[in-house]
file my_file.csv (CSV, C-alpha atoms)
chain,number,residue,atom,x,y,z
A,1,MET,CA,-16.5,-20.4,6.5
A,2,ASP,CA,-15.0,-23.2,8.7
A,3,VAL,CA,-16.2,-24.1,12.2
A,4,LEU,CA,-13.4,-22.2,13.9
A,5,SER,CA,-14.1,-19.0,11.9
A,6,ALA,CA,-17.8,-19.3,12.4
A,7,THR,CA,-17.4,-19.8,16.2
A,8,ALA,CA,-15.0,-16.9,16.5
A,9,SER,CA,-17.2,-14.6,14.4
A,10,GLY,CA,-20.2,-15.5,16.5
A,11,LEU,CA,-18.4,-14.7,19.7
A,12,PHE,CA,-17.3,-11.4,18.4
A,13,ALA,CA,-20.8,-10.5,17.2
A,14,SER,CA,-22.3,-11.6,20.6
A,15,GLY,CA,-20.6,-8.7,22.3
A,16,ASN,CA,-19.1,-10.8,25.1
A,17,THR,CA,-16.1,-8.5,25.9
A,18,GLN,CA,-14.3,-11.1,28.0
A,19,GLN,CA,-14.5,-13.8,25.3
A,20,GLN,CA,-13.5,-11.3,22.6
A,21,ALA,CA,-10.4,-10.4,24.7
A,22,GLN,CA,-9.5,-14.0,25.1
A,23,LEU,CA,-9.8,-14.7,21.4
A,24,GLU,CA,-7.8,-11.7,20.5
A,25,ASN,CA,-5.1,-12.8,22.9
A,26,LEU,CA,-5.0,-16.3,21.3
A,27,ALA,CA,-5.0,-14.6,17.9
A,28,GLN,CA,-2.1,-12.4,18.8
A,29,ARG,CA,-0.1,-15.5,19.9
A,30,GLN,CA,-0.8,-17.1,16.6
A,31,LEU,CA,0.2,-13.9,14.8
A,32,SER,CA,3.5,-13.8,16.7
A,33,SER,CA,4.2,-17.4,15.7
A,34,ALA,CA,3.4,-16.7,12.1
A,35,LEU,CA,5.7,-13.7,12.0
A,36,GLU,CA,8.5,-15.8,13.3
A,37,GLN,CA,7.9,-18.4,10.6
A,38,PHE,CA,7.7,-15.5,8.0
A,39,THR,CA,11.1,-14.2,9.2
A,40,GLU,CA,12.5,-17.7,8.8
A,41,LYS,CA,11.1,-17.8,5.3
A,42,LYS,CA,8.8,-20.7,6.1
A,43,TYR,CA,6.1,-19.2,4.1
A,44,ASP,CA,3.7,-22.1,3.8
A,45,ALA,CA,3.7,-22.7,7.5
A,46,ALA,CA,3.4,-18.9,8.1
A,47,ILE,CA,0.3,-18.7,5.8
A,48,SER,CA,-1.4,-21.5,7.7
A,49,THR,CA,-0.7,-19.8,11.0
A,50,PHE,CA,-1.8,-16.4,9.8
A,51,ARG,CA,-5.1,-18.0,8.8
A,52,ARG,CA,-5.5,-19.5,12.3
A,53,ALA,CA,-5.0,-16.0,13.8
A,54,ILE,CA,-7.6,-14.6,11.4
A,55,ALA,CA,-10.1,-17.3,12.3
A,56,LEU,CA,-9.7,-16.6,16.0
A,57,ALA,CA,-10.4,-12.9,15.8
A,58,PRO,CA,-11.7,-12.1,12.3
A,59,LEU,CA,-12.9,-8.6,13.2
A,60,SER,CA,-9.8,-7.4,15.0
A,61,THR,CA,-6.7,-5.5,14.1
A,62,VAL,CA,-4.8,-8.8,14.6
A,63,ALA,CA,-6.7,-10.1,11.6
A,64,THR,CA,-5.9,-7.0,9.5
A,65,ASN,CA,-2.2,-7.4,10.3
A,66,ALA,CA,-2.3,-11.2,9.6
A,67,TYR,CA,-3.9,-10.6,6.2
A,68,ASP,CA,-1.2,-8.1,5.3
A,69,TYR,CA,1.7,-10.4,6.2
A,70,MET,CA,-0.1,-13.4,4.7
A,71,ALA,CA,-0.3,-11.5,1.4
A,72,ARG,CA,3.4,-10.7,1.7
A,73,ALA,CA,4.2,-14.4,2.2
A,74,TYR,CA,2.3,-15.2,-1.0
A,75,LEU,CA,4.3,-12.5,-2.8
A,76,ALA,CA,7.5,-14.1,-1.5
A,77,LYS,CA,6.3,-17.3,-3.0
A,78,GLU,CA,5.6,-15.4,-6.3
A,79,ASP,CA,1.9,-16.3,-5.9
A,80,VAL,CA,0.5,-12.9,-6.9
A,81,LYS,CA,-3.1,-14.1,-7.4
A,82,SER,CA,-3.3,-15.4,-3.8
A,83,ALA,CA,-1.7,-12.2,-2.5
A,84,ILE,CA,-4.4,-10.1,-4.3
A,85,ALA,CA,-7.1,-12.5,-2.9
A,86,ALA,CA,-5.7,-12.1,0.6
A,87,TYR,CA,-6.0,-8.3,0.5
A,88,LYS,CA,-9.4,-8.4,-1.0
A,89,GLU,CA,-10.6,-10.8,1.7
A,90,SER,CA,-9.1,-8.4,4.3
A,91,LEU,CA,-11.0,-5.5,2.7
A,92,ARG,CA,-14.3,-7.3,2.9
A,93,GLY,CA,-14.0,-7.4,6.6
A,94,ASN,CA,-12.3,-4.0,6.9
A,95,PRO,CA,-13.0,-1.8,3.9
A,96,THR,CA,-11.5,1.3,5.5
A,97,ASP,CA,-8.0,-0.1,5.7
A,98,ALA,CA,-6.0,2.3,3.6
A,99,ASN,CA,-2.9,0.2,3.8
A,100,ALA,CA,-4.6,-2.8,2.1
A,101,HIS,CA,-5.8,-0.6,-0.7
A,102,PHE,CA,-2.3,0.9,-1.1
A,103,GLN,CA,-0.7,-2.6,-1.1
A,104,LEU,CA,-3.2,-3.8,-3.7
A,105,GLY,CA,-2.2,-0.8,-5.8
A,106,ASN,CA,1.4,-1.7,-5.5
A,107,ILE,CA,0.7,-5.3,-6.7
A,108,TYR,CA,-1.3,-4.0,-9.7
A,109,VAL,CA,1.6,-1.7,-10.7
A,110,THR,CA,4.0,-4.7,-10.8
A,111,GLN,CA,1.5,-6.4,-13.1
A,112,ASP,CA,1.3,-3.2,-15.3
A,113,ASP,CA,-2.4,-3.0,-14.6
A,114,PHE,CA,-2.5,0.7,-14.0
A,115,GLU,CA,-6.3,1.2,-14.1
A,116,LEU,CA,-6.7,-1.2,-11.2
A,117,ALA,CA,-3.8,0.4,-9.5
A,118,LYS,CA,-5.3,3.8,-9.9
A,119,ALA,CA,-8.6,2.6,-8.4
A,120,SER,CA,-6.8,1.1,-5.4
A,121,TYR,CA,-4.7,4.2,-4.8
A,122,GLN,CA,-7.7,6.5,-5.1
A,123,GLN,CA,-9.4,4.5,-2.3
A,124,ALA,CA,-6.2,4.7,-0.2
A,125,VAL,CA,-6.1,8.5,-0.7
A,126,ARG,CA,-9.8,8.9,0.2
A,127,LEU,CA,-9.1,7.1,3.5
A,128,ASP,CA,-5.6,8.6,4.1
A,129,GLY,CA,-4.6,11.6,2.2
A,130,GLY,CA,-0.9,11.3,3.2
A,131,SER,CA,2.0,12.0,0.9
A,132,ALA,CA,2.9,8.3,0.2
A,133,ASN,CA,-0.6,7.5,-1.0
A,134,ARG,CA,-0.9,10.6,-3.2
A,135,TYR,CA,2.6,10.1,-4.7
A,136,ALA,CA,1.8,6.5,-5.7
A,137,LEU,CA,-1.5,7.7,-7.2
A,138,ALA,CA,0.3,10.5,-9.1
A,139,GLN,CA,2.9,8.1,-10.5
A,140,THR,CA,0.1,5.8,-11.7
A,141,LEU,CA,-1.8,8.7,-13.3
A,142,MET,CA,1.5,9.6,-15.2
A,143,GLU,CA,1.6,6.0,-16.5
A,144,LEU,CA,-2.0,6.5,-17.8
A,145,GLY,CA,-1.2,9.8,-19.4
A,146,GLU,CA,-3.5,11.7,-17.1
A,147,TYR,CA,-0.9,14.4,-16.5
A,148,ARG,CA,-3.1,17.2,-15.2
A,149,GLU,CA,-4.6,14.9,-12.6
A,150,ALA,CA,-1.1,13.8,-11.7
A,151,GLU,CA,0.0,17.4,-11.4
A,152,ALA,CA,-2.7,18.0,-8.8
A,153,GLN,CA,-1.6,15.1,-6.7
A,154,PHE,CA,2.1,16.1,-6.9
A,155,LYS,CA,1.1,19.6,-5.7
A,156,ALA,CA,-0.6,18.0,-2.8
A,157,VAL,CA,2.5,16.1,-2.0
A,158,GLN,CA,4.5,19.3,-2.2
A,159,ASN,CA,2.2,21.0,0.2
A,160,LEU,CA,2.3,18.1,2.6
A,161,GLU,CA,6.1,17.8,2.6
A,162,PRO,CA,7.4,21.2,1.5
A,163,ALA,CA,11.0,20.4,2.8
A,164,LYS,CA,11.3,17.3,0.7
A,165,PRO,CA,12.0,17.1,-3.1
A,166,ASN,CA,9.5,14.5,-4.1
A,167,GLY,CA,6.6,16.8,-4.8
A,168,ASP,CA,8.7,19.2,-6.9
A,169,TYR,CA,10.3,16.3,-8.8
A,170,GLY,CA,6.9,14.9,-9.6
A,171,LEU,CA,5.7,18.3,-10.7
A,172,GLY,CA,8.7,18.6,-13.0
A,173,LEU,CA,7.7,15.3,-14.6
A,174,ALA,CA,4.1,16.3,-15.1
A,175,TYR,CA,5.0,19.7,-16.5
A,176,ALA,CA,7.5,18.2,-18.9
A,177,LYS,CA,4.9,15.8,-20.2
A,178,GLN,CA,2.5,18.7,-20.8
A,179,GLY,CA,5.2,20.7,-22.7
A,180,LYS,CA,5.6,23.2,-19.9
A,181,THR,CA,9.4,23.3,-20.1
A,182,ALA,CA,10.1,26.4,-18.0
A,183,ASP,CA,7.8,25.2,-15.2
A,184,ALA,CA,9.5,21.7,-15.4
A,185,ILE,CA,13.0,23.3,-15.1
A,186,ASN,CA,11.9,25.4,-12.1
A,187,ALA,CA,10.4,22.4,-10.4
A,188,PHE,CA,13.5,20.2,-10.9
A,189,GLU,CA,15.7,23.0,-9.7
A,190,ARG,CA,13.5,23.3,-6.5
A,191,ALA,CA,13.9,19.6,-5.9
A,192,ILE,CA,17.6,19.8,-6.3
A,193,SER,CA,17.8,22.8,-4.0
A,194,LYS,CA,16.1,20.7,-1.3
A,195,ASP,CA,18.3,17.7,-1.8
A,196,ARG,CA,21.6,18.1,-3.7
A,197,THR,CA,22.0,14.4,-4.0
A,198,PHE,CA,18.6,13.9,-5.7
A,199,TYR,CA,20.0,12.2,-8.8
A,200,TYR,CA,16.7,11.7,-10.7
A,201,ALA,CA,15.9,15.4,-10.7
A,202,GLN,CA,19.4,16.2,-11.9
A,203,VAL,CA,19.0,13.7,-14.8
A,204,GLU,CA,15.6,15.1,-15.8
A,205,LEU,CA,17.0,18.7,-15.6
A,206,GLY,CA,19.8,17.6,-17.9
A,207,TYR,CA,17.2,16.4,-20.4
call {"tool": "encode", "arguments": {"input": "my_file.csv", "output": "structure tokens"}}
result
Amino acid sequence: MDVLSATASGLFASGNTQQQAQLENLAQRQLSSALEQFTEKKYDAAISTFRRAIALAPLSTVATNAYDYMARAYLAKEDVKSAIAAYKESLRGNPTDANAHFQLGNIYVTQDDFELAKASYQQAVRLDGGSANRYALAQTLMELGEYREAEAQFKAVQNLEPAKPNGDYGLGLAYAKQGKTADAINAFERAISKDRTFYYAQVELGY
């Protein structure tokens, strides 16, 4: 840990509310500057500025946001290893950040590492059982051939968003893989009835 990070961490740990607020304010300014650099695709400069924001307030939500965008900057540079390291570093300070687990899962999927993706998505679901996290987990379970487990997650998505076609579409896929043809057809038809433009369900129903 560098001197700036150590000093900032010490001030946060000391419980001095005024000093913490000042550091967070400085960190927020650094984060705003970094986001401008990120938008301008100055990724190396943005990464350095994100790190300064983190160093100023390592235990704050500013740091969590800085880690997230720093990882995205690494991905824009096609530096997947550093992006993964950034999310892992963020989670060491804030292990209950569901978004970081979710984003890690997304990266692992792009690397075809579905076991690690599954573990990351499972953590995301434990922390936030919303439909996006569950759908991502279900899709990964499908890749791993764990169709019954995927079915359970798709049903949860269906219950969470009954007016949307995603849960039914996923169920159709899971049923089809298990040889439950009639159930698959019904699920795809439900998806289409909720969204007539849902092309993927129409294709699967055709099969």
call {"tool": "residues_around", "arguments": {"input": "my_file.csv", "residues": "region 68-79 of chain A", "least_positions_apart": "4", "cutoff": "8 Å", "atoms": "all atoms listed in the file", "output": "list of chain:residue names"}}
result
A:Leu35, A:Phe38, A:Tyr43, A:Asp44, A:Ala46, A:Ile47, A:Phe50, A:Arg51, A:Thr64, A:Ala83, A:Ile84, A:Ala86, A:Tyr87, A:Ser90, A:Ala100
call {"tool": "atom_distance", "arguments": {"input": "my_file.csv", "atom1": "CA of Leu26 (chain A)", "atom2": "CA of Asn65 (chain A)"}}
result
14.4 Å
call {"tool": "atom_distance", "arguments": {"input": "my_file.csv", "atom1": "CA of Ala156 (chain A)", "atom2": "CA of Leu116 (chain A)"}}
result
21.8 Å
call {"tool": "atom_distance", "arguments": {"input": "my_file.csv", "atom1": "CA of Gln178 (chain A)", "atom2": "CA of Ile107 (chain A)"}}
result
27.9 Å
call {"tool": "residues_around", "arguments": {"input": "my_file.csv", "residues": "Ala53 (chain A)", "least_positions_apart": "2", "cutoff": "9 Å", "atoms": "only C-alpha atoms", "output": "VMD selection string"}}
result
chain A and resid 24 26 to 31 34 48 to 51 55 to 58 62 to 63 66
call {"tool": "residues_near_point", "arguments": {"input": "my_file.csv", "point": "(1.9, -1.9, -5.6)", "cutoff": "12 Å", "atoms": "only C-alpha atoms", "output": "ChimeraX atom specification"}}
result
/A:72,75,80,83-84,87,99-114,116-121,124,132-133,136-137,139-140
call {"tool": "residues_near_point", "arguments": {"input": "my_file.csv", "point": "(9.9, 17.5, -14.4)", "cutoff": "8 Å", "atoms": "only C-alpha atoms", "output": "compact mmCIF listing (two decimals) with C-alpha atoms, keeping the file's coordinate frame"}}
result
# COMPACT_ATOMS: atom_id res chain seq x y z
CA ASP A 168 8.70 19.20 -6.90
CA TYR A 169 10.30 16.30 -8.80
CA GLY A 170 6.90 14.90 -9.60
CA LEU A 171 5.70 18.30 -10.70
CA GLY A 172 8.70 18.60 -13.00
CA LEU A 173 7.70 15.30 -14.60
CA ALA A 174 4.10 16.30 -15.10
CA TYR A 175 5.00 19.70 -16.50
CA ALA A 176 7.50 18.20 -18.90
CA LYS A 177 4.90 15.80 -20.20
CA ALA A 184 9.50 21.70 -15.40
CA ILE A 185 13.00 23.30 -15.10
CA ALA A 187 10.40 22.40 -10.40
CA PHE A 188 13.50 20.20 -10.90
CA ALA A 201 15.90 15.40 -10.70
CA GLU A 204 15.60 15.10 -15.80
CA LEU A 205 17.00 18.70 -15.60
call {"tool": "closest_residue", "arguments": {"input": "my_file.csv", "among": "A:Gln19, A:Asn186, A:Ser193, A:Gln122", "to": "Ala163 (chain A)", "atoms": "all atoms listed in the file"}}
result
A:Ser193
call {"tool": "closest_residue", "arguments": {"input": "my_file.csv", "among": "A:Lys194, A:Lys180, A:Arg126, A:Arg52", "to": "Ser33 (chain A)", "atoms": "all atoms listed in the file"}}
result
A:Arg52
call {"tool": "decode", "arguments": {"input": "my_file.csv", "residues": "region 52-68 of chain A", "atoms": "all heavy atoms", "output": "mmCIF file, in the first residue's frame"}}
result
data_model
loop_
_atom_site.group_PDB
_atom_site.id
_atom_site.type_symbol
_atom_site.label_atom_id
_atom_site.label_comp_id
_atom_site.auth_asym_id
_atom_site.auth_seq_id
_atom_site.Cartn_x
_atom_site.Cartn_y
_atom_site.Cartn_z
ATOM 1 N N ARG A 52 -6.210 7.192 -7.932
ATOM 2 C CA ARG A 52 -6.077 8.280 -6.962
ATOM 3 C C ARG A 52 -7.371 8.449 -6.166
ATOM 4 O O ARG A 52 -7.333 8.693 -4.956
ATOM 5 C CB ARG A 52 -5.710 9.587 -7.678
ATOM 6 C CG ARG A 52 -4.274 9.634 -8.163
ATOM 7 C CD ARG A 52 -3.829 11.064 -8.457
ATOM 8 N NE ARG A 52 -4.535 11.629 -9.609
ATOM 9 C CZ ARG A 52 -4.157 11.471 -10.864
ATOM 10 N NH1 ARG A 52 -3.075 10.741 -11.147
ATOM 11 N NH2 ARG A 52 -4.831 12.031 -11.852
ATOM 12 N N ALA A 53 -8.504 8.302 -6.852
ATOM 13 C CA ALA A 53 -9.785 8.397 -6.152
ATOM 14 C C ALA A 53 -9.916 7.296 -5.106
ATOM 15 O O ALA A 53 -10.352 7.532 -3.973
ATOM 16 C CB ALA A 53 -10.938 8.313 -7.159
ATOM 17 N N ILE A 54 -9.514 6.093 -5.480
ATOM 18 C CA ILE A 54 -9.575 4.961 -4.551
ATOM 19 C C ILE A 54 -8.672 5.196 -3.349
ATOM 20 O O ILE A 54 -9.040 4.935 -2.198
ATOM 21 C CB ILE A 54 -9.196 3.660 -5.279
ATOM 22 C CG1 ILE A 54 -10.258 3.310 -6.322
ATOM 23 C CG2 ILE A 54 -9.012 2.510 -4.283
ATOM 24 C CD1 ILE A 54 -9.810 2.274 -7.341
ATOM 25 N N ALA A 55 -7.467 5.711 -3.610
ATOM 26 C CA ALA A 55 -6.498 5.931 -2.533
ATOM 27 C C ALA A 55 -7.000 6.951 -1.523
ATOM 28 O O ALA A 55 -6.731 6.834 -0.325
ATOM 29 C CB ALA A 55 -5.167 6.392 -3.125
ATOM 30 N N LEU A 56 -7.743 7.939 -1.992
ATOM 31 C CA LEU A 56 -8.242 8.981 -1.100
ATOM 32 C C LEU A 56 -9.363 8.485 -0.189
ATOM 33 O O LEU A 56 -9.473 8.928 0.957
ATOM 34 C CB LEU A 56 -8.742 10.176 -1.916
ATOM 35 C CG LEU A 56 -7.654 11.067 -2.531
ATOM 36 C CD1 LEU A 56 -8.235 11.950 -3.615
ATOM 37 C CD2 LEU A 56 -6.986 11.900 -1.445
ATOM 38 N N ALA A 57 -10.196 7.590 -0.682
ATOM 39 C CA ALA A 57 -11.345 7.117 0.119
ATOM 40 C C ALA A 57 -11.565 5.637 -0.151
ATOM 41 O O ALA A 57 -12.562 5.246 -0.769
ATOM 42 C CB ALA A 57 -12.585 7.933 -0.203
ATOM 43 N N PRO A 58 -10.657 4.783 0.280
ATOM 44 C CA PRO A 58 -10.689 3.361 -0.092
ATOM 45 C C PRO A 58 -11.872 2.581 0.445
ATOM 46 O O PRO A 58 -12.180 1.506 -0.071
ATOM 47 C CB PRO A 58 -9.368 2.826 0.476
ATOM 48 C CG PRO A 58 -9.023 3.772 1.581
ATOM 49 C CD PRO A 58 -9.502 5.117 1.129
ATOM 50 N N LEU A 59 -12.542 3.102 1.462
ATOM 51 C CA LEU A 59 -13.661 2.379 2.065
ATOM 52 C C LEU A 59 -15.012 2.993 1.708
ATOM 53 O O LEU A 59 -16.022 2.668 2.326
ATOM 54 C CB LEU A 59 -13.503 2.338 3.594
ATOM 55 C CG LEU A 59 -12.180 1.757 4.111
ATOM 56 C CD1 LEU A 59 -12.147 1.776 5.627
ATOM 57 C CD2 LEU A 59 -11.971 0.344 3.591
ATOM 58 N N SER A 60 -15.021 3.850 0.707
ATOM 59 C CA SER A 60 -16.248 4.574 0.355
ATOM 60 C C SER A 60 -16.895 4.001 -0.894
ATOM 61 O O SER A 60 -16.313 3.205 -1.628
ATOM 62 C CB SER A 60 -15.913 6.051 0.119
ATOM 63 O OG SER A 60 -15.132 6.179 -1.069
ATOM 64 N N THR A 61 -18.124 4.467 -1.159
ATOM 65 C CA THR A 61 -18.803 4.085 -2.392
ATOM 66 C C THR A 61 -18.102 4.689 -3.609
ATOM 67 O O THR A 61 -18.206 4.151 -4.713
ATOM 68 C CB THR A 61 -20.268 4.550 -2.377
ATOM 69 O OG1 THR A 61 -20.321 5.967 -2.147
ATOM 70 C CG2 THR A 61 -21.051 3.840 -1.280
ATOM 71 N N VAL A 62 -17.384 5.791 -3.401
ATOM 72 C CA VAL A 62 -16.599 6.377 -4.489
ATOM 73 C C VAL A 62 -15.574 5.362 -4.981
ATOM 74 O O VAL A 62 -15.384 5.182 -6.192
ATOM 75 C CB VAL A 62 -15.892 7.676 -4.026
ATOM 76 C CG1 VAL A 62 -14.956 8.193 -5.114
ATOM 77 C CG2 VAL A 62 -16.919 8.743 -3.669
ATOM 78 N N ALA A 63 -14.920 4.695 -4.047
ATOM 79 C CA ALA A 63 -13.924 3.689 -4.411
ATOM 80 C C ALA A 63 -14.564 2.538 -5.175
ATOM 81 O O ALA A 63 -14.009 2.039 -6.165
ATOM 82 C CB ALA A 63 -13.212 3.173 -3.165
ATOM 83 N N THR A 64 -15.742 2.108 -4.722
ATOM 84 C CA THR A 64 -16.444 1.025 -5.407
ATOM 85 C C THR A 64 -16.741 1.389 -6.853
ATOM 86 O O THR A 64 -16.514 0.597 -7.774
ATOM 87 C CB THR A 64 -17.767 0.703 -4.674
ATOM 88 O OG1 THR A 64 -17.468 0.289 -3.330
ATOM 89 C CG2 THR A 64 -18.519 -0.417 -5.370
ATOM 90 N N ASN A 65 -17.220 2.613 -7.067
ATOM 91 C CA ASN A 65 -17.500 3.071 -8.425
ATOM 92 C C ASN A 65 -16.220 3.214 -9.249
ATOM 93 O O ASN A 65 -16.192 2.894 -10.438
ATOM 94 C CB ASN A 65 -18.243 4.406 -8.384
ATOM 95 C CG ASN A 65 -19.647 4.284 -7.830
ATOM 96 O OD1 ASN A 65 -20.274 3.232 -7.967
ATOM 97 N ND2 ASN A 65 -20.147 5.327 -7.202
ATOM 98 N N ALA A 66 -15.162 3.678 -8.597
ATOM 99 C CA ALA A 66 -13.887 3.851 -9.300
ATOM 100 C C ALA A 66 -13.336 2.503 -9.757
ATOM 101 O O ALA A 66 -12.828 2.375 -10.882
ATOM 102 C CB ALA A 66 -12.884 4.568 -8.402
ATOM 103 N N TYR A 67 -13.415 1.506 -8.892
ATOM 104 C CA TYR A 67 -12.966 0.168 -9.277
ATOM 105 C C TYR A 67 -13.748 -0.356 -10.478
ATOM 106 O O TYR A 67 -13.194 -0.953 -11.399
ATOM 107 C CB TYR A 67 -13.131 -0.800 -8.108
ATOM 108 C CG TYR A 67 -11.987 -0.829 -7.125
ATOM 109 C CD1 TYR A 67 -12.195 -0.539 -5.779
ATOM 110 C CD2 TYR A 67 -10.698 -1.177 -7.528
ATOM 111 C CE1 TYR A 67 -11.154 -0.581 -4.856
ATOM 112 C CE2 TYR A 67 -9.651 -1.221 -6.617
ATOM 113 C CZ TYR A 67 -9.891 -0.917 -5.281
ATOM 114 O OH TYR A 67 -8.853 -0.969 -4.383
ATOM 115 N N ASP A 68 -15.062 -0.142 -10.450
ATOM 116 C CA ASP A 68 -15.918 -0.626 -11.534
ATOM 117 C C ASP A 68 -15.492 -0.016 -12.868
ATOM 118 O O ASP A 68 -15.269 -0.733 -13.858
ATOM 119 C CB ASP A 68 -17.375 -0.270 -11.214
ATOM 120 C CG ASP A 68 -18.361 -0.839 -12.228
ATOM 121 O OD1 ASP A 68 -17.998 -1.777 -12.966
ATOM 122 O OD2 ASP A 68 -19.504 -0.356 -12.275
#
